[in-house]
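Colleague: Below is the file upload.cif, with mmCIF, C-alpha atoms.
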data_my_file
#
loop_
_atom_site.label_atom_id
_atom_site.label_comp_id
_atom_site.auth_asym_id
_atom_site.auth_seq_id
_atom_site.Cartn_x
_atom_site.Cartn_y
_atom_site.Cartn_z
CA MET A 1 104.32 79.94 92.33
CA ASP A 2 106.36 83.11 92.57
CA PHE A 3 106.61 84.42 96.11
CA ALA A 4 108.78 87.41 95.31
CA TYR A 5 106.98 90.45 96.66
CA SER A 6 105.61 92.73 93.95
CA PRO A 7 106.80 96.35 93.69
CA LYS A 8 103.47 97.44 95.18
CA VAL A 9 103.92 95.16 98.20
CA GLU A 10 107.58 96.11 98.63
CA ALA A 11 106.57 99.78 98.69
CA LEU A 12 103.87 99.06 101.29
CA ARG A 13 106.33 97.05 103.38
CA ALA A 14 108.76 99.97 103.38
CA ARG A 15 106.06 102.47 104.34
CA LEU A 16 104.62 100.21 107.02
CA SER A 17 108.06 99.45 108.52
CA ALA A 18 108.88 103.16 108.61
CA PHE A 19 105.58 103.91 110.35
CA MET A 20 106.22 101.15 112.88
CA ASP A 21 109.76 102.37 113.62
CA THR A 22 108.74 106.03 113.87
CA HIS A 23 105.37 105.93 115.61
CA ILE A 24 104.72 102.54 117.22
CA VAL A 25 107.97 101.07 118.56
CA PRO A 26 108.74 104.24 120.59
CA ARG A 27 105.29 103.87 122.23
CA ILE A 28 105.67 100.26 123.40
CA HIS A 29 106.57 101.15 126.98
CA GLN A 30 103.94 103.88 127.21
CA TRP A 31 101.28 101.43 125.99
CA GLN A 32 102.23 98.97 128.74
CA GLN A 33 102.37 101.66 131.42
CA GLU A 34 98.93 103.01 130.57
CA VAL A 35 97.35 99.55 130.37
CA ASN A 36 98.95 98.56 133.69
CA ALA A 37 97.47 101.72 135.18
CA GLY A 38 94.00 100.71 133.93
CA GLN A 39 93.75 103.02 130.93
CA PHE A 40 92.34 101.34 127.84
CA PRO A 41 92.16 102.27 125.05
CA VAL A 42 95.48 104.00 125.50
CA SER A 43 95.63 107.77 125.16
CA PHE A 44 97.52 107.85 121.86
CA MET A 45 95.69 105.11 119.92
CA GLU A 46 93.17 107.28 118.07
CA GLY A 47 95.88 109.74 117.06
CA LEU A 48 97.97 106.92 115.60
CA ARG A 49 94.93 105.52 113.81
CA ASP A 50 94.14 108.89 112.26
CA LYS A 51 97.73 109.22 111.07
CA ALA A 52 97.79 105.68 109.61
CA ARG A 53 94.58 106.32 107.71
CA SER A 54 95.81 109.65 106.39
CA GLU A 55 98.89 107.85 105.02
CA GLY A 56 96.81 105.20 103.24
CA LEU A 57 97.82 102.43 105.67
CA TRP A 58 94.28 101.40 106.53
CA ASN A 59 92.35 98.12 106.20
CA LEU A 60 95.41 96.41 104.71
CA PHE A 61 93.42 93.38 103.50
CA LEU A 62 89.86 92.71 102.30
CA PRO A 63 90.10 92.10 98.54
CA PRO A 64 86.28 92.15 98.14
CA LEU A 65 85.82 95.77 99.29
CA HIS A 66 82.94 97.49 97.53
CA GLY A 67 82.92 100.87 95.80
CA ALA A 68 84.43 103.64 97.92
CA GLU A 69 84.90 101.53 101.05
CA PRO A 70 88.28 102.45 102.61
CA GLY A 71 91.13 99.98 102.23
CA THR A 72 93.93 98.67 100.05
CA ARG A 73 92.12 95.63 98.53
CA LEU A 74 95.18 93.41 98.91
CA SER A 75 95.04 89.69 98.20
CA ASN A 76 95.94 87.24 100.96
CA LEU A 77 99.37 86.76 99.39
CA GLU A 78 99.95 90.52 99.23
CA TYR A 79 98.78 91.14 102.79
CA ALA A 80 100.78 88.28 104.35
CA PRO A 81 104.18 90.07 104.50
CA LEU A 82 102.48 93.15 105.94
CA ALA A 83 100.87 91.06 108.69
CA GLU A 84 104.35 89.75 109.51
CA ILE A 85 105.53 93.30 110.16
CA LEU A 86 102.49 94.01 112.34
CA GLY A 87 103.16 90.88 114.40
CA ARG A 88 106.32 92.41 115.89
CA VAL A 89 104.17 94.49 118.27
CA PRO A 90 101.01 92.78 119.60
CA TRP A 91 98.81 95.88 119.47
CA ALA A 92 100.12 97.31 116.19
CA SER A 93 97.36 95.82 114.03
CA GLU A 94 94.78 98.04 115.72
CA VAL A 95 96.57 101.16 114.52
CA PHE A 96 95.86 100.13 110.91
CA ASN A 97 92.34 98.74 111.59
CA CYS A 98 93.61 95.20 110.91
CA GLN A 99 93.00 93.77 114.39
CA ALA A 100 91.39 90.42 115.08
CA PRO A 101 88.57 89.57 115.41
CA ASP A 102 87.31 92.70 113.63
CA SER A 103 89.20 91.84 110.45
CA GLY A 104 87.49 88.44 110.23
CA ASN A 105 84.12 89.98 111.00
CA MET A 106 84.63 92.54 108.24
CA GLU A 107 85.31 89.67 105.83
CA LEU A 108 82.09 87.92 106.88
CA LEU A 109 80.02 91.08 106.53
CA GLU A 110 81.59 91.91 103.17
CA LEU A 111 80.59 88.50 101.86
CA PHE A 112 77.21 87.86 103.50
CA ALA A 113 75.67 91.01 105.02
CA THR A 114 72.44 92.54 103.74
CA PRO A 115 72.52 96.19 102.64
CA ALA A 116 71.00 97.22 105.98
CA GLN A 117 73.56 95.18 107.93
CA ARG A 118 76.38 96.68 105.91
CA LYS A 119 75.13 100.17 106.71
CA GLN A 120 74.67 99.53 110.43
CA TRP A 121 77.71 97.39 111.20
CA LEU A 122 80.20 97.05 108.36
CA GLU A 123 80.64 100.70 107.46
CA PRO A 124 81.47 101.78 111.04
CA LEU A 125 83.91 98.84 111.32
CA LEU A 126 85.67 99.79 108.11
CA ASP A 127 85.87 103.40 109.33
CA GLY A 128 87.32 102.24 112.67
CA LYS A 129 84.53 103.86 114.66
CA ILE A 130 83.50 100.68 116.48
CA ARG A 131 84.87 97.25 117.43
CA SER A 132 83.21 93.84 117.39
CA ALA A 133 83.53 90.28 118.69
CA PHE A 134 82.98 86.76 117.37
CA ALA A 135 81.21 84.39 119.77
CA MET A 136 81.51 80.70 118.95
CA THR A 137 83.52 78.87 121.65
CA GLU A 138 81.63 77.43 124.64
CA PRO A 139 82.83 76.21 128.06
CA ALA A 140 80.58 73.15 128.33
CA VAL A 141 81.52 71.37 125.09
CA ALA A 142 84.57 70.63 122.93
CA SER A 143 84.21 73.65 120.67
CA SER A 144 86.98 72.46 118.34
CA ASP A 145 84.07 70.51 116.85
CA ALA A 146 81.62 73.29 116.01
CA THR A 147 78.78 70.77 115.66
CA ASN A 148 78.94 70.44 119.47
CA ILE A 149 77.88 73.99 120.31
CA THR A 150 74.73 74.18 122.41
CA THR A 151 73.72 77.85 122.25
CA ARG A 152 70.18 78.06 120.91
CA ILE A 153 68.93 80.68 118.47
CA ARG A 154 65.15 80.23 118.48
CA ARG A 155 62.73 82.01 116.14
CA ASP A 156 59.92 83.79 117.98
CA GLY A 157 57.67 85.77 115.67
CA ASP A 158 59.68 88.60 114.13
CA ASP A 159 62.60 88.01 116.52
CA TYR A 160 65.26 85.48 117.39
CA VAL A 161 65.87 84.60 121.04
CA ILE A 162 69.36 83.47 122.09
CA ASP A 163 70.21 81.34 125.12
CA GLY A 164 73.62 79.93 125.93
CA ARG A 165 77.08 80.64 127.26
CA LYS A 166 80.25 81.52 125.35
CA TRP A 167 83.81 82.05 126.50
CA PHE A 168 87.22 83.30 125.36
CA ILE A 169 85.38 85.90 123.28
CA THR A 170 88.08 88.30 122.15
CA ASN A 171 87.31 92.04 122.10
CA ALA A 172 84.15 91.75 124.19
CA ALA A 173 85.68 93.88 126.97
CA HIS A 174 86.82 96.61 124.57
CA PRO A 175 84.82 99.74 125.43
CA ASN A 176 84.20 100.36 121.72
CA CYS A 177 82.82 96.87 121.06
CA GLN A 178 79.32 97.50 119.69
CA PHE A 179 78.18 94.07 118.49
CA LEU A 180 78.95 90.37 118.45
CA ILE A 181 78.51 87.80 115.72
CA VAL A 182 77.06 84.86 117.65
CA MET A 183 77.01 81.27 116.40
CA GLY A 184 74.29 78.97 117.68
CA LYS A 185 71.83 76.30 116.61
CA THR A 186 68.56 77.17 114.91
CA ASP A 187 67.45 73.63 113.89
CA LEU A 188 68.41 70.63 116.00
CA ASP A 189 66.82 68.24 113.50
CA ALA A 190 68.86 69.36 110.47
CA PRO A 191 72.01 67.51 109.35
CA SER A 192 74.87 68.14 111.80
CA HIS A 193 76.59 70.78 109.65
CA SER A 194 73.35 72.62 108.85
CA GLN A 195 72.06 73.18 112.37
CA GLN A 196 74.13 76.30 113.05
CA SER A 197 73.40 79.92 112.19
CA MET A 198 75.07 83.26 112.85
CA ILE A 199 73.33 86.33 114.13
CA LEU A 200 74.33 89.94 114.87
CA VAL A 201 73.79 90.92 118.51
CA PRO A 202 74.26 94.51 119.72
CA ARG A 203 76.52 94.59 122.76
CA ASP A 204 73.93 96.39 124.92
CA THR A 205 71.06 93.96 124.22
CA PRO A 206 69.21 93.01 127.46
CA GLY A 207 70.13 89.52 128.65
CA LEU A 208 73.72 89.68 127.38
CA LYS A 209 76.00 89.66 130.41
CA ILE A 210 79.79 89.54 130.57
CA ILE A 211 80.69 87.21 133.43
CA ARG A 212 84.45 87.79 133.46
CA ASN A 213 87.50 88.64 131.38
CA ILE A 214 89.42 85.36 131.51
CA THR A 215 93.17 85.56 131.98
CA VAL A 216 95.28 83.53 129.53
CA ILE A 217 98.11 81.77 131.40
CA ASN A 218 97.61 84.51 134.02
CA HIS A 219 98.01 87.19 131.34
CA VAL A 220 95.28 89.85 131.23
CA ALA A 221 94.23 91.13 127.80
CA PRO A 222 92.61 94.57 128.17
CA GLU A 223 90.36 94.01 125.14
CA GLY A 224 89.14 90.85 126.81
CA HIS A 225 88.80 87.11 126.29
CA CYS A 226 85.43 87.08 127.97
CA GLU A 227 82.95 84.58 129.28
CA ILE A 228 79.47 85.76 128.30
CA ASP A 229 76.00 84.60 129.31
CA PHE A 230 73.11 84.93 126.84
CA LYS A 231 69.80 84.64 128.64
CA GLY A 232 66.68 85.40 126.62
CA VAL A 233 68.63 87.77 124.35
CA ARG A 234 66.13 89.01 121.78
CA VAL A 235 67.11 90.55 118.43
CA PRO A 236 65.06 91.20 115.26
CA LYS A 237 65.02 88.52 112.56
CA GLU A 238 66.78 90.97 110.24
CA ASN A 239 69.93 90.43 112.32
CA LEU A 240 70.42 86.91 110.95
CA LEU A 241 73.66 86.76 108.96
CA GLY A 242 73.21 84.74 105.80
CA VAL A 243 70.41 82.18 106.01
CA GLU A 244 69.39 79.69 108.67
CA GLY A 245 71.68 76.68 108.66
CA SER A 246 74.61 78.48 106.99
CA GLY A 247 76.60 79.13 110.18
CA PHE A 248 79.11 76.32 109.73
CA ALA A 249 79.86 77.34 106.13
CA LEU A 250 80.22 81.00 107.18
CA ALA A 251 82.68 79.99 109.92
CA GLN A 252 84.81 78.09 107.43
CA ALA A 253 84.82 81.05 105.02
CA ARG A 254 86.03 83.28 107.85
CA LEU A 255 88.76 81.02 109.21
CA GLY A 256 90.98 80.59 106.12
CA PRO A 257 92.07 84.23 105.67
CA ALA A 258 92.04 84.77 109.45
CA ARG A 259 94.59 81.99 109.91
CA ILE A 260 96.82 83.58 107.26
CA HIS A 261 96.73 86.78 109.32
CA HIS A 262 97.38 84.99 112.62
CA CYS A 263 100.20 82.90 111.21
CA MET A 264 102.04 85.77 109.56
CA ARG A 265 101.76 87.85 112.73
CA SER A 266 103.24 84.90 114.61
CA ILE A 267 106.11 84.73 112.12
CA GLY A 268 106.74 88.41 112.79
CA ALA A 269 106.81 87.71 116.53
CA ALA A 270 109.21 84.79 115.98
CA GLU A 271 111.47 86.99 113.83
CA LEU A 272 111.63 89.55 116.63
CA ALA A 273 112.44 86.83 119.16
CA LEU A 274 115.27 85.58 116.92
CA GLU A 275 116.65 89.11 116.51
CA LEU A 276 116.67 89.61 120.26
CA MET A 277 118.27 86.20 120.79
CA ILE A 278 121.07 87.02 118.33
CA GLU A 279 121.72 90.41 119.95
CA ARG A 280 121.81 88.87 123.43
CA ALA A 281 124.06 86.03 122.28
CA GLN A 282 126.62 88.53 121.03
CA ALA A 283 126.40 90.88 124.01
CA ARG A 284 126.55 88.38 126.87
CA THR A 285 129.56 86.42 128.10
CA ALA A 286 129.48 83.19 130.11
CA PHE A 287 132.35 80.86 131.01
CA GLY A 288 134.82 82.93 129.02
CA LYS A 289 132.87 82.97 125.75
CA ARG A 290 130.17 84.99 124.08
CA LEU A 291 126.94 83.04 124.29
CA HIS A 292 126.84 82.46 120.52
CA GLU A 293 130.22 80.74 120.79
CA HIS A 294 128.65 78.01 122.88
CA GLY A 295 127.50 75.27 120.52
CA VAL A 296 123.98 74.90 121.87
CA VAL A 297 123.17 78.61 121.45
CA ALA A 298 124.57 78.66 117.91
CA GLU A 299 122.40 75.64 117.16
CA TRP A 300 119.30 77.41 118.52
CA ILE A 301 119.98 80.40 116.28
CA ALA A 302 120.44 78.21 113.21
CA LYS A 303 117.37 76.06 113.90
CA SER A 304 115.24 79.14 114.47
CA ARG A 305 116.31 80.64 111.14
CA ILE A 306 115.50 77.39 109.30
CA GLU A 307 112.13 76.93 111.00
CA ILE A 308 110.95 80.51 110.49
CA ASP A 309 111.84 80.51 106.79
CA GLN A 310 110.15 77.13 106.26
CA ALA A 311 107.03 78.34 108.04
CA ARG A 312 106.88 81.58 106.06
CA LEU A 313 107.09 79.76 102.74
CA LEU A 314 104.26 77.39 103.67
CA VAL A 315 102.07 80.30 104.75
CA LEU A 316 102.76 82.17 101.52
CA LYS A 317 101.89 79.04 99.54
CA THR A 318 98.64 78.73 101.49
CA ALA A 319 97.79 82.39 100.89
CA TRP A 320 98.47 81.91 97.18
CA MET A 321 96.20 78.86 97.13
CA ILE A 322 93.33 80.69 98.85
CA ASP A 323 93.67 83.51 96.31
CA THR A 324 93.82 81.18 93.30
CA VAL A 325 91.76 78.07 94.08
CA GLY A 326 89.79 79.11 97.17
CA GLY A 327 89.76 78.26 100.85
CA LYS A 328 88.05 74.90 100.43
CA ALA A 329 90.78 73.57 98.15
CA ALA A 330 93.41 74.94 100.55
CA ARG A 331 91.89 73.47 103.71
CA LYS A 332 94.74 71.00 104.26
CA GLU A 333 97.35 73.74 103.91
CA VAL A 334 95.35 76.00 106.25
CA SER A 335 95.49 73.27 108.91
CA MET A 336 99.18 72.67 108.23
CA ILE A 337 100.16 76.28 108.83
CA LYS A 338 98.01 76.44 111.96
CA VAL A 339 100.01 73.59 113.49
CA LEU A 340 103.43 74.48 112.15
CA VAL A 341 103.62 78.22 112.68
CA LEU A 342 102.44 78.33 116.28
CA ASN A 343 104.88 75.60 117.26
CA VAL A 344 107.68 77.58 115.58
CA HIS A 345 106.51 80.76 117.33
CA THR A 346 106.64 79.18 120.79
CA ALA A 347 109.87 77.24 120.11
CA VAL A 348 111.80 80.34 119.02
CA CYS A 349 110.46 82.36 121.96
CA GLU A 350 111.42 79.52 124.31
CA ARG A 351 115.00 79.53 123.01
CA ALA A 352 115.23 83.30 123.23
CA ILE A 353 113.94 83.27 126.81
CA GLN A 354 116.60 80.72 127.68
CA VAL A 355 119.34 82.86 126.14
CA PHE A 356 118.14 85.90 128.11
CA GLY A 357 117.95 83.87 131.32
CA ALA A 358 116.02 85.51 134.15
CA MET A 359 115.48 88.66 132.10
CA GLY A 360 113.55 86.61 129.54
CA LEU A 361 110.95 85.80 132.19
CA SER A 362 110.47 89.45 133.11
CA PRO A 363 108.47 92.24 131.46
CA ASP A 364 111.76 93.83 130.38
CA THR A 365 111.54 91.90 127.10
CA PRO A 366 108.48 91.07 124.97
CA LEU A 367 109.39 87.37 125.02
CA ALA A 368 107.24 86.14 127.89
CA ASP A 369 104.11 87.82 126.53
CA SER A 370 104.90 86.59 123.02
CA TRP A 371 105.36 83.00 124.20
CA THR A 372 102.11 83.20 126.18
CA TRP A 373 100.10 84.35 123.17
CA GLY A 374 101.75 81.81 120.88
CA ARG A 375 100.87 79.04 123.33
CA ALA A 376 97.27 80.24 123.53
CA LEU A 377 96.96 80.25 119.74
CA ARG A 378 97.85 76.54 119.67
CA ILE A 379 94.38 76.04 121.15
CA ALA A 380 92.51 78.94 119.54
CA ASP A 381 90.93 78.16 116.15
CA GLY A 382 91.21 74.45 116.93
CA PRO A 383 93.93 72.59 118.85
CA ASP A 384 96.90 71.05 117.07
CA GLU A 385 95.52 67.55 117.47
CA VAL A 386 92.30 68.31 115.57
CA HIS A 387 94.23 69.80 112.66
CA LEU A 388 96.70 66.92 112.62
CA GLN A 389 93.83 64.44 112.48
CA GLY A 390 92.29 66.32 109.57
CA ILE A 391 95.60 66.51 107.69
CA ALA A 392 96.12 62.77 108.13
CA ARG A 393 92.59 62.03 106.94
CA MET A 394 93.07 64.09 103.78
CA GLU A 395 96.41 62.43 103.10
CA ILE A 396 94.86 58.96 103.44
CA GLN A 397 91.89 59.87 101.25
CA ALA A 398 94.30 61.08 98.56
CA ARG A 399 96.07 57.70 98.55
CA PRO A 400 93.40 54.96 98.70
CA PHE A 401 94.74 51.54 99.60
CA GLU A 402 93.17 48.13 99.13
CA VAL A 403 93.99 45.18 101.34
CA GLY A 404 96.34 42.90 99.47
CA GLN A 405 97.71 45.72 97.36
CA VAL A 406 101.51 45.92 97.34
CA SER A 407 103.55 48.93 96.32
CA PRO A 408 105.92 48.19 93.41
CA TYR A 409 108.64 49.72 95.60
CA LEU A 410 108.12 46.85 98.02
CA ALA A 411 107.44 43.98 95.60
CA ARG A 412 109.78 41.02 95.80
CA PRO A 413 110.85 38.88 92.86
CA GLN A 414 108.61 35.85 92.34
#
Show me, as structure tokens, the structure contained in the file I just sent.

Modeller:
Amino acid sequence: MDFAYSPKVEALRARLSAFMDTHIVPRIHQWQQEVNAGQFPVSFMEGLRDKARSEGLWNLFLPPLHGAEPGTRLSNLEYAPLAEILGRVPWASEVFNCQAPDSGNMELLELFATPAQRKQWLEPLLDGKIRSAFAMTEPAVASSDATNITTRIRRDGDDYVIDGRKWFITNAAHPNCQFLIVMGKTDLDAPSHSQQSMILVPRDTPGLKIIRNITVINHVAPEGHCEIDFKGVRVPKENLLGVEGSGFALAQARLGPARIHHCMRSIGAAELALELMIERAQARTAFGKRLHEHGVVAEWIAKSRIEIDQARLLVLKTAWMIDTVGGKAARKEVSMIKVLVLNVHTAVCERAIQVFGAMGLSPDTPLADSWTWGRALRIADGPDEVHLQGIARMEIQARPFEVGQVSPYLARPQ
């Protein structure tokens, strides 16, 4: 494993960092002001997107792109350090058409869409003309176990009819969201992991109703984390993604690369928090010393550096594994980074907030929002506890033990 960035990736990192410093960072306050005033999308977003595309900084992922589809065709390992740069500003990914959940939906459509579905939904997504959502989580069941979902997708002649309720559906409130990929059950009598299917649902289909945009720890996301009711929602059978019963497998194919993206963005957010902590620790004096001269603050800085670098290396290893042996073989590592990185993200933000004191709780720094999103991600895509249980199970299966067996490291002389 060689995690040194290639010349191609180093060049992209330099170009992306320059774009961020020149065009995005100076707009951070304007973005917040416009969103607070109720304007979304913000006035300058499409202009930034046009500029990013003209500079070749567009769809910075998606290795399986076809033909002339726009994008850089980077592997997961190549894209990871770019996602880290994007993670420094929460809305930056949208400028480069790399925003979740659209990026994951593009991956699904690239892999499983029919030619007609590609034409109707994938091409506009790749061109940045529309947005989309991914609807799996439900309020009435523990959705960390996808076999629990209760939304029904029932065949009725040449149509499918959808009934159920979803929530925390990201992007559903975005005014440019044109469709949702909905996961539900098509066959209750099939084996537990073959009951689910995915289907494409236009946003304006009758019977689809957004109940509310749920706040996350009292934080409002303008693109939405919505609760949605599906009541007799009817779509043509041609909208089925893949085949009936393939929904669980499609979800797993989507989640591996998506977690690489999420984790590297979180590492970028943690890096920014550490930078701000270091600056504050040198600028602020308390009890006759600079803050960094107090032992506990110096320890926080050191621990944060160690944890971020450890987390980055594990994510890069996981990206390399997905690229070389596939997501299924890397499933343990995917769970490991999901647990590790988000805990590092929130821990570093927590320390930085403490170093800033009252200012760290205010909107005058990005720390409070960053901590909030990091905390939310510890539940999104499966809570820590589910991943830890899976990691432990795989570790135990890899080391079978028979009762009465004694390790030679423990054996006593007879």

Colleague: Give me, please, the distance in Å between atom CA of Val95 of chain A and atom CA of Thr215 of chain A, quoted to one decimal.

Modeller: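 These atoms are spaced 23.7 Å apart.
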
Colleague: Pick out the residues sitting within 9 Å of segment 277-283 of chain A, and hand them over as JSON, numbers by chain; count all atoms listed in the file, and ignore anything fewer than 2 positions along from it in its own chain.

Modeller: {"A": [272, 273, 274, 275, 285, 290, 291, 292, 293, 297, 298, 301, 348, 349, 351, 352, 353, 354, 355, 356]}

Colleague: The centre and edge lengths of an axis-aligned box containing all atoms of segment 204-209 of chain A present in the file, extended by 8 Å on each side, are to be given in Å to one decimal, as AutoDock Vina command-line options.

Modeller:
--center_x 72.6 --center_y 93.0 --center_z 127.3 --size_x 22.8 --size_y 22.9 --size_z 22.2

Colleague: Between A:Ala80, A:Ile24, A:Ala221, A:Leu188, which one has atoms that come closest to Gly38 of chain A, using all atoms listed in the file?

Modeller: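 Smallest distance to Gly38 of chain A is found for A:Ala221.
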
Colleague: Please report the interatomic distance between atom CA of Glu94 of chain A and atom CA of Pro222 of chain A in Å with one decimal.

Modeller: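 Atom-to-atom, atom CA of Glu94 of chain A and atom CA of Pro222 of chain A are spaced 13.1 Å apart.
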
Colleague: Which polymer residues have any atom within 6 Å of an atom of segment 104-117 of chain A, counting all atoms listed in the file, with same-chain residues fewer than 6 positions away left out, as a tab-separated table (two decimals) with C-alpha atoms, in the frame of the given file?

Modeller:
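Here's the written file out.tsv:
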chain	number	residue	atom	x	y	z
A	242	GLY	CA	73.21	84.74	105.80
A	254	ARG	CA	86.03	83.28	107.85
A	258	ALA	CA	92.04	84.77	109.45

Colleague: So that I can check the surroundings of Pro175 of chain A, please list as number ranges by chain every protein, DNA and RNA residue that reaches within 12 Å of it, counting all atoms listed in the file and ignoring chain neighbours fewer than 6 positions away.

Modeller: A: 39-42, 129-133, 203-204, 222-224

Colleague: So how many Å separate atom CA of Trp91 of chain A and atom CA of Cys263 of chain A, to one decimal?

Modeller: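 Interatomic distance here is 15.4 Å.
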
Colleague: Starting from the shown file, work through the PyMOL selection byres ((chain A and resi 321) around 12) and note down what comes out as a PyMOL selection string.

Modeller: chain A and resi 1-3+75-77+256-257+260+314-320+322-334

Colleague: Check what the PyMOL selection byres ((chain A and resi 238) around 9) selects in the file above and give those residues as JSON, numbers by chain.

Modeller: {"A": [114, 116, 117, 158, 159, 199, 200, 235, 236, 237, 239, 240, 241]}

Colleague: When you count only C-alpha atoms, which of these residues is closest to Ser246 of chain A: A:Leu388, A:Met198, A:Ala11, A:Met20?

Modeller: A:Met198

Colleague: Could you check which of A:Asp102, A:Ser197, A:Ala172, A:Arg259 is closest to Ala83 of chain A, using only C-alpha atoms?

Modeller: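 Of all the options, A:Arg259 lies closest to Ala83 of chain A.
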
Colleague: Could you tell me which of A:Leu48, A:Ala270, A:Ala249, A:Val243 comes closest to Ile85 of chain A if we count all atoms listed in the file?

Modeller: A:Ala270

Colleague: Here is a test: counting only C-alpha atoms, which residue of A:Asp21, A:Asp229, A:Glu69, A:Asp127 is nearest to Ile169 of chain A?

Modeller: A:Asp229
